[in-house]
Number of protein chains: 2
Amino acid sequence: MKNKIDVNYSLYLVTDRGILNGRDLKEAVEEAILGGVTLVQLREKAASTLEFYNTALRVKAVTDKYNIPLIINDRLDIALAVDAAGLHVGQDDMPAHIARKILGPDRILGVSTANLKEALKAQEDGADYIGVGAMFPTISKSDTRDVTLDELKRIKESIKIPVVAIGGINQNNVKQIIELGADGAAVISAILGRKDIKQAALELKKKLNGDS
Amino acid sequence: MKNKIDVNYSLYLVTDRGILNGRDLKEAVEEAILGGVTLVQLREKAASTLEFYNTALRVKAVTDKYNIPLIINDRLDIALAVDAAGLHVGQDDMPAHIARKILGPDRILGVSTANLKEALKAQEDGADYIGVGAMFPTISKSDTRDVTLDELKRIKESIKIPVVAIGGINQNNVKQIIELGADGAAVISAILGRKDIKQAALELKKKLNGDS
Ligand code: NI
């Protein structure tokens, strides 16, 4: 595993089996990595612990193959069991400072935030990066809160750890997010909801690199 | 925490908030302990991770007060986060040998089984005890498989670790289970579904002790 300070947050894929239309998750993740995804978060809200564990093992075989860090959503037990690179917690998940204590210093810890107060708290609690969103209207996640572009800018100016914007980010608006200072864009449907997953990631990568 | 070989499995309470009719879980657990429960398993199938964590902290305050081991159902992350005495996994949860590796040797690991093959596997995987059931028809758990009294006897004769019978056990049939050699009876509704929780536990305790 790479040193966690070298992690590239620029194009952060968050998985959602619900929008894959029956396509295999492992294959979808591989396509996305071939298109330029730099980080993968496995998010399984409906799976049993055993299903989540088995899925995480399968997906980790792909992320390991390409040396891409795998982050587990919510479930510290799964992150430890599959030796994932890190854990991402939301505000309804385990408190970040408890998660940090159990994870140890070497794994990546990310925290979902929707305002400056939560962002500062996450940083204090030992997060390595924060997610900020939802930036734009989104259909992938139902439990989101709106964040303005101004708030994103304010957060970025106020904290030291990397900021990954999330929520409705796609090929059309990703440039806006990066211009406001975000270190990365987290996407779900703009990659996994597209027929050609690799192509979708390539297009986002292009926009992130400043090509029009 | 007591040495885990000293654990008394005889009257094992498994929680279910759904049958409490709005009564407070922490208070219900305290009543059950005052009635003689020797072990408590916290089972929260619908809670968010944060809710589960907070509930576990509240319930642990009670179990600690009476020096009763608290076992967390399914979620190794919660067990570690609240420093519980142990973890109980079912056949849809994390594989027992993985759970054992992360838990370490000192915490209690229990595994749900429904036949001799699973019982032997659990013992081999590092379980400290097994649950066997469902022994009788039950309304508390929906994902159960039937186990005959003969199979319980066969399992008890074939493995070395303690055997806790579960599933529809109540004041009328608990004696049968113990006479077949079970080291304990796990109950949900026969305690938590009763109006007087302490009294319900006392009655079970009496039957376990051989009083008629
Ligand atoms: Ni202890």
# chains A, B, ... in the order shown; residues from 1 in each chain; ligands from 1
>>> residues_around(residues="region 10-23 of chain B", least_positions_apart="5", cutoff="8 Å", atoms="only C-alpha atoms", output="VMD selection string")
chain B and resid 28 32 36 to 44 140 164 183 to 189 191 to 193 204 to 205 208
>>> interface_residues(of="chain B", to="chain A", cutoff="10 Å", atoms="only C-alpha atoms", output="compact mmCIF listing (two decimals) with N, CA, C and O atoms, in the first residue's frame")
# COMPACT_ATOMS: atom_id res chain seq x y z
N ALA B 47 -30.75 -0.65 12.97
CA ALA B 47 -30.13 0.61 13.38
C ALA B 47 -29.00 1.03 12.45
O ALA B 47 -28.33 0.20 11.85
N SER B 48 -28.80 2.35 12.36
CA SER B 48 -27.60 2.85 11.70
C SER B 48 -26.41 2.52 12.60
O SER B 48 -26.59 2.15 13.77
N THR B 49 -25.21 2.61 12.06
CA THR B 49 -24.02 2.31 12.85
C THR B 49 -23.95 3.22 14.08
O THR B 49 -23.63 2.78 15.18
N LEU B 50 -24.29 4.49 13.90
CA LEU B 50 -24.23 5.42 15.03
C LEU B 50 -25.25 5.06 16.10
O LEU B 50 -24.93 5.08 17.30
N GLU B 51 -26.47 4.71 15.68
CA GLU B 51 -27.50 4.30 16.64
C GLU B 51 -27.07 3.04 17.39
O GLU B 51 -27.25 2.93 18.60
N PHE B 52 -26.53 2.08 16.65
CA PHE B 52 -26.08 0.82 17.25
C PHE B 52 -24.98 1.13 18.28
O PHE B 52 -25.00 0.63 19.42
N TYR B 53 -24.05 1.95 17.89
CA TYR B 53 -22.94 2.33 18.78
C TYR B 53 -23.47 3.00 20.05
O TYR B 53 -23.09 2.62 21.16
N ASN B 54 -24.35 3.95 19.89
CA ASN B 54 -24.88 4.66 21.06
C ASN B 54 -25.71 3.73 21.95
O ASN B 54 -25.62 3.81 23.18
N ASP B 74 -23.42 -9.71 15.33
CA ASP B 74 -23.03 -9.42 13.94
C ASP B 74 -21.87 -8.42 13.78
O ASP B 74 -20.93 -8.69 13.05
N ARG B 75 -21.93 -7.29 14.49
CA ARG B 75 -21.05 -6.17 14.18
C ARG B 75 -19.78 -6.09 15.03
O ARG B 75 -19.75 -5.54 16.12
N LEU B 76 -18.73 -6.60 14.42
CA LEU B 76 -17.40 -6.57 15.03
C LEU B 76 -16.93 -5.14 15.28
O LEU B 76 -16.23 -4.86 16.26
N ASP B 77 -17.32 -4.22 14.38
CA ASP B 77 -16.91 -2.82 14.58
C ASP B 77 -17.50 -2.25 15.87
O ASP B 77 -16.82 -1.57 16.63
N ILE B 78 -18.76 -2.58 16.13
CA ILE B 78 -19.41 -2.10 17.35
C ILE B 78 -18.79 -2.77 18.57
O ILE B 78 -18.53 -2.12 19.59
N ALA B 79 -18.53 -4.06 18.47
CA ALA B 79 -17.92 -4.79 19.59
C ALA B 79 -16.59 -4.16 19.98
O ALA B 79 -16.30 -3.96 21.16
N LEU B 80 -15.77 -3.82 18.98
CA LEU B 80 -14.48 -3.18 19.27
C LEU B 80 -14.68 -1.77 19.80
O LEU B 80 -14.02 -1.34 20.75
N ALA B 81 -15.61 -1.04 19.19
CA ALA B 81 -15.78 0.38 19.54
C ALA B 81 -16.24 0.56 20.98
O ALA B 81 -15.86 1.53 21.63
N VAL B 82 -17.08 -0.34 21.49
CA VAL B 82 -17.56 -0.19 22.87
C VAL B 82 -16.81 -1.11 23.83
O VAL B 82 -17.15 -1.18 25.00
N VAL B 89 -21.74 -14.14 15.78
CA VAL B 89 -21.98 -14.08 14.34
C VAL B 89 -22.88 -15.22 13.89
O VAL B 89 -22.84 -16.32 14.42
N GLY B 90 -23.71 -14.90 12.90
CA GLY B 90 -24.55 -15.90 12.27
C GLY B 90 -23.91 -16.37 10.99
O GLY B 90 -22.80 -15.95 10.64
N GLN B 91 -24.59 -17.25 10.28
CA GLN B 91 -24.04 -17.80 9.04
C GLN B 91 -24.04 -16.78 7.90
O GLN B 91 -23.38 -17.01 6.88
N ASP B 92 -24.75 -15.64 8.05
CA ASP B 92 -24.72 -14.56 7.05
C ASP B 92 -23.82 -13.42 7.47
O ASP B 92 -23.84 -12.35 6.84
N ASP B 93 -23.10 -13.60 8.54
CA ASP B 93 -22.23 -12.53 9.04
C ASP B 93 -20.78 -12.80 8.65
O ASP B 93 -20.54 -13.62 7.77
N MET B 94 -19.88 -12.14 9.28
CA MET B 94 -18.47 -12.33 8.94
C MET B 94 -18.05 -13.77 9.25
O MET B 94 -18.45 -14.32 10.28
N PRO B 95 -17.24 -14.40 8.39
CA PRO B 95 -16.75 -15.74 8.69
C PRO B 95 -16.08 -15.75 10.06
O PRO B 95 -15.31 -14.85 10.39
N ILE B 98 -12.27 -15.23 10.49
CA ILE B 98 -11.83 -13.85 10.25
C ILE B 98 -12.16 -13.00 11.47
O ILE B 98 -11.35 -12.19 11.94
N ALA B 99 -13.37 -13.19 11.99
CA ALA B 99 -13.78 -12.45 13.18
C ALA B 99 -12.82 -12.75 14.34
O ALA B 99 -12.39 -11.84 15.05
N LYS B 101 -9.72 -13.62 14.22
CA LYS B 101 -8.42 -12.99 13.97
C LYS B 101 -8.43 -11.53 14.41
O LYS B 101 -7.49 -11.04 15.02
N ILE B 102 -9.53 -10.83 14.07
CA ILE B 102 -9.59 -9.39 14.39
C ILE B 102 -9.92 -9.17 15.87
O ILE B 102 -9.41 -8.26 16.50
>>> select_by_dssp(residues="region 19-112 of chain B", states="alpha helix (DSSP H)", output="ChimeraX atom specification")
/B:25-34,49-65,76-81,96-103
>>> atom_distance(atom1="CA of Asn115 (chain B)", atom2="CA of Ile178 (chain B)")
17.9 Å
>>> residues_near_ligand(ligand="ligand 1", cutoff="12 Å", atoms="only C-alpha atoms and all ligand atoms", output="list in words")
Met1, Lys2, Asn3, Lys4, Lys60, Thr63, Asp64, Asn67, Ile68, Pro69, Leu70, Ile71, Ala79, Leu80, Val82, Asp83, Ala84, Ala85, Gly86, Asp106, Arg107 and Ile108 of chain B
>>> residues_around(residues="Leu116 (chain B)", least_positions_apart="3", cutoff="12 Å", atoms="only C-alpha atoms", output="list in words")
Ser112, Thr113, Ala119, Leu120, Lys121, Ala122, Gln123, Ile130, Gly131, Val132, Gly133, Val147, Thr148, Asp150, Glu151, Leu152, Lys153, Arg154, Ile155, Lys156, Glu157, Ser158, Ile159 and Val163 of chain B
>>> write_last_selection(atoms="N, CA, C and O atoms", output="compact mmCIF listing (two decimals), in the first residue's frame")
# COMPACT_ATOMS: atom_id res chain seq x y z
N SER B 112 -23.81 -18.83 15.46
CA SER B 112 -25.10 -19.49 15.28
C SER B 112 -24.95 -20.69 14.37
O SER B 112 -24.38 -20.58 13.29
N THR B 113 -25.50 -21.81 14.78
CA THR B 113 -25.43 -23.03 13.96
C THR B 113 -26.79 -23.71 13.97
O THR B 113 -27.60 -23.50 14.87
N ALA B 119 -21.72 -26.73 13.50
CA ALA B 119 -21.22 -26.68 14.88
C ALA B 119 -19.73 -27.05 14.92
O ALA B 119 -18.93 -26.37 15.57
N LEU B 120 -19.38 -28.09 14.21
CA LEU B 120 -17.97 -28.52 14.18
C LEU B 120 -17.10 -27.46 13.51
O LEU B 120 -15.99 -27.17 13.96
N LYS B 121 -17.62 -26.88 12.44
CA LYS B 121 -16.89 -25.81 11.72
C LYS B 121 -16.66 -24.62 12.65
O LYS B 121 -15.56 -24.04 12.69
N ALA B 122 -17.68 -24.24 13.40
CA ALA B 122 -17.58 -23.08 14.31
C ALA B 122 -16.51 -23.34 15.36
O ALA B 122 -15.68 -22.47 15.66
N GLN B 123 -16.52 -24.54 15.91
CA GLN B 123 -15.52 -24.90 16.92
C GLN B 123 -14.12 -24.82 16.33
O GLN B 123 -13.21 -24.25 16.93
N ILE B 130 -21.34 -22.05 20.84
CA ILE B 130 -22.23 -21.97 19.69
C ILE B 130 -23.67 -21.79 20.16
O ILE B 130 -24.05 -22.25 21.24
N GLY B 131 -24.43 -21.11 19.34
CA GLY B 131 -25.88 -21.09 19.48
C GLY B 131 -26.42 -22.19 18.58
O GLY B 131 -25.90 -22.41 17.48
N VAL B 132 -27.44 -22.91 19.05
CA VAL B 132 -28.07 -23.94 18.22
C VAL B 132 -29.57 -23.69 18.19
O VAL B 132 -30.23 -23.61 19.24
N GLY B 133 -30.12 -23.58 17.01
CA GLY B 133 -31.57 -23.36 16.90
C GLY B 133 -31.96 -23.05 15.49
O GLY B 133 -31.10 -23.02 14.62
N VAL B 147 -34.28 -26.91 14.16
CA VAL B 147 -33.35 -27.91 14.67
C VAL B 147 -34.14 -28.85 15.58
O VAL B 147 -34.88 -28.39 16.45
N THR B 148 -33.97 -30.13 15.37
CA THR B 148 -34.69 -31.09 16.24
C THR B 148 -33.96 -31.25 17.58
O THR B 148 -32.76 -30.93 17.70
N ASP B 150 -33.17 -34.03 18.82
CA ASP B 150 -32.16 -35.06 18.56
C ASP B 150 -30.86 -34.45 18.03
O ASP B 150 -29.76 -34.86 18.43
N GLU B 151 -31.00 -33.49 17.12
CA GLU B 151 -29.81 -32.85 16.56
C GLU B 151 -29.07 -32.06 17.65
O GLU B 151 -27.83 -32.09 17.71
N LEU B 152 -29.81 -31.39 18.51
CA LEU B 152 -29.19 -30.67 19.63
C LEU B 152 -28.36 -31.63 20.49
O LEU B 152 -27.22 -31.34 20.85
N LYS B 153 -28.94 -32.79 20.77
CA LYS B 153 -28.27 -33.79 21.60
C LYS B 153 -26.99 -34.28 20.91
O LYS B 153 -25.93 -34.39 21.52
N ARG B 154 -27.12 -34.55 19.61
CA ARG B 154 -25.99 -35.02 18.81
C ARG B 154 -24.86 -33.98 18.80
O ARG B 154 -23.68 -34.32 18.92
N ILE B 155 -25.24 -32.72 18.63
CA ILE B 155 -24.23 -31.65 18.63
C ILE B 155 -23.54 -31.58 19.98
O ILE B 155 -22.31 -31.54 20.06
N LYS B 156 -24.33 -31.58 21.02
CA LYS B 156 -23.77 -31.48 22.39
C LYS B 156 -22.79 -32.63 22.65
O LYS B 156 -21.74 -32.42 23.26
N GLU B 157 -23.10 -33.81 22.16
CA GLU B 157 -22.22 -34.96 22.38
C GLU B 157 -20.95 -34.89 21.53
O GLU B 157 -19.97 -35.58 21.82
N SER B 158 -20.97 -34.06 20.47
CA SER B 158 -19.86 -34.08 19.52
C SER B 158 -18.87 -32.93 19.67
O SER B 158 -17.79 -32.96 19.08
N ILE B 159 -19.24 -31.88 20.38
CA ILE B 159 -18.30 -30.76 20.48
C ILE B 159 -17.95 -30.46 21.93
O ILE B 159 -18.64 -30.86 22.86
N VAL B 163 -22.73 -25.11 24.49
CA VAL B 163 -23.83 -25.08 23.53
C VAL B 163 -25.01 -24.33 24.15
O VAL B 163 -25.50 -24.72 25.22
>>> select_by_dssp(residues="chain A", states="strand (DSSP E)", output="number ranges by chain")
A: 11-14, 39-42, 70-73, 86-89, 108-113, 129-132, 163-166, 184-187
>>> residues_around(residues="Glu27 (chain B)", least_positions_apart="3", cutoff="10 Å", atoms="only C-alpha atoms", output="JSON, numbers by chain")
{"B": [23, 24, 30, 31, 32, 33, 58, 59, 62, 197]}
>>> write_last_selection(atoms="all heavy atoms", output="CSV table (one decimal), in the first residue's frame")
chain,number,residue,atom,x,y,z
B,23,ARG,N,-40.9,0.3,25.6
B,23,ARG,CA,-40.2,0.3,26.8
B,23,ARG,C,-38.7,0.5,26.5
B,23,ARG,O,-38.2,0.1,25.5
B,23,ARG,CB,-40.4,-1.0,27.6
B,23,ARG,CG,-41.8,-1.1,28.2
B,23,ARG,CD,-42.0,-2.5,28.8
B,23,ARG,NE,-41.9,-3.5,27.8
B,23,ARG,CZ,-42.0,-4.8,28.1
B,23,ARG,NH1,-42.1,-5.2,29.3
B,23,ARG,NH2,-41.9,-5.7,27.1
B,24,ASP,N,-38.0,1.1,27.4
B,24,ASP,CA,-36.6,1.5,27.2
B,24,ASP,C,-35.7,0.2,27.3
B,24,ASP,O,-35.8,-0.6,28.2
B,24,ASP,CB,-36.2,2.5,28.3
B,24,ASP,CG,-34.7,2.9,28.1
B,24,ASP,OD1,-34.4,3.6,27.1
B,24,ASP,OD2,-33.9,2.5,28.9
B,30,GLU,N,-31.7,-4.2,32.3
B,30,GLU,CA,-31.5,-4.2,33.8
B,30,GLU,C,-32.4,-5.0,34.6
B,30,GLU,O,-32.0,-5.8,35.4
B,30,GLU,CB,-31.5,-2.7,34.3
B,30,GLU,CG,-31.2,-2.7,35.8
B,30,GLU,CD,-30.6,-1.3,36.2
B,30,GLU,OE1,-30.8,-0.3,35.5
B,30,GLU,OE2,-29.9,-1.2,37.3
B,31,GLU,N,-33.7,-5.0,34.2
B,31,GLU,CA,-34.7,-5.8,34.8
B,31,GLU,C,-34.4,-7.3,34.6
B,31,GLU,O,-34.5,-8.1,35.5
B,31,GLU,CB,-36.1,-5.5,34.2
B,31,GLU,CG,-36.8,-4.2,34.7
B,31,GLU,CD,-37.0,-4.2,36.2
B,31,GLU,OE1,-37.7,-5.2,36.6
B,31,GLU,OE2,-36.5,-3.4,36.9
B,32,ALA,N,-34.0,-7.6,33.4
B,32,ALA,CA,-33.7,-9.0,33.0
B,32,ALA,C,-32.5,-9.5,33.9
B,32,ALA,O,-32.5,-10.6,34.3
B,32,ALA,CB,-33.4,-9.1,31.5
B,33,ILE,N,-31.5,-8.6,34.0
B,33,ILE,CA,-30.3,-9.0,34.8
B,33,ILE,C,-30.7,-9.2,36.3
B,33,ILE,O,-30.3,-10.2,36.9
B,33,ILE,CB,-29.2,-7.9,34.7
B,33,ILE,CG1,-28.6,-7.9,33.3
B,33,ILE,CG2,-28.1,-8.2,35.7
B,33,ILE,CD1,-27.7,-6.8,33.0
B,58,ARG,N,-25.0,2.5,25.9
B,58,ARG,CA,-26.0,2.6,27.0
B,58,ARG,C,-26.2,1.3,27.7
B,58,ARG,O,-26.2,1.2,28.9
B,58,ARG,CB,-27.3,3.1,26.4
B,58,ARG,CG,-27.4,4.6,26.0
B,58,ARG,CD,-28.8,5.0,25.7
B,58,ARG,NE,-29.6,5.2,26.9
B,58,ARG,CZ,-30.8,4.7,27.1
B,58,ARG,NH1,-31.4,4.0,26.1
B,58,ARG,NH2,-31.4,4.9,28.2
B,59,VAL,N,-26.3,0.2,26.9
B,59,VAL,CA,-26.6,-1.1,27.4
B,59,VAL,C,-25.3,-1.6,28.2
B,59,VAL,O,-25.4,-2.2,29.2
B,59,VAL,CB,-27.0,-2.1,26.3
B,59,VAL,CG1,-27.0,-3.5,26.8
B,59,VAL,CG2,-28.3,-1.7,25.8
B,62,VAL,N,-25.1,-0.7,31.8
B,62,VAL,CA,-25.9,-1.6,32.7
B,62,VAL,C,-25.1,-3.0,32.9
B,62,VAL,O,-25.0,-3.4,34.0
B,62,VAL,CB,-27.3,-1.9,32.1
B,62,VAL,CG1,-28.0,-2.9,33.0
B,62,VAL,CG2,-28.0,-0.6,32.0
B,197,ILE,N,-40.6,-8.2,33.2
B,197,ILE,CA,-39.4,-8.7,32.7
B,197,ILE,C,-38.6,-9.4,33.7
B,197,ILE,O,-38.1,-10.6,33.5
B,197,ILE,CB,-38.6,-7.6,32.0
B,197,ILE,CG1,-39.3,-7.2,30.7
B,197,ILE,CG2,-37.1,-8.0,31.7
B,197,ILE,CD1,-38.7,-6.0,30.0
>>> atom_distance(atom1="CA of Leu57 (chain B)", atom2="CA of Gly168 (chain B)")
28.0 Å
>>> residues_around(residues="Thr144 (chain A)", least_positions_apart="3", cutoff="9 Å", atoms="only C-alpha atoms", output="ChimeraX atom specification")
/A:114,133-134,138,141,167
>>> closest_residue(among="A:Leu34, A:Leu25, A:Ile166, A:Val174", to="Arg145 (chain A)", atoms="only C-alpha atoms")
A:Ile166
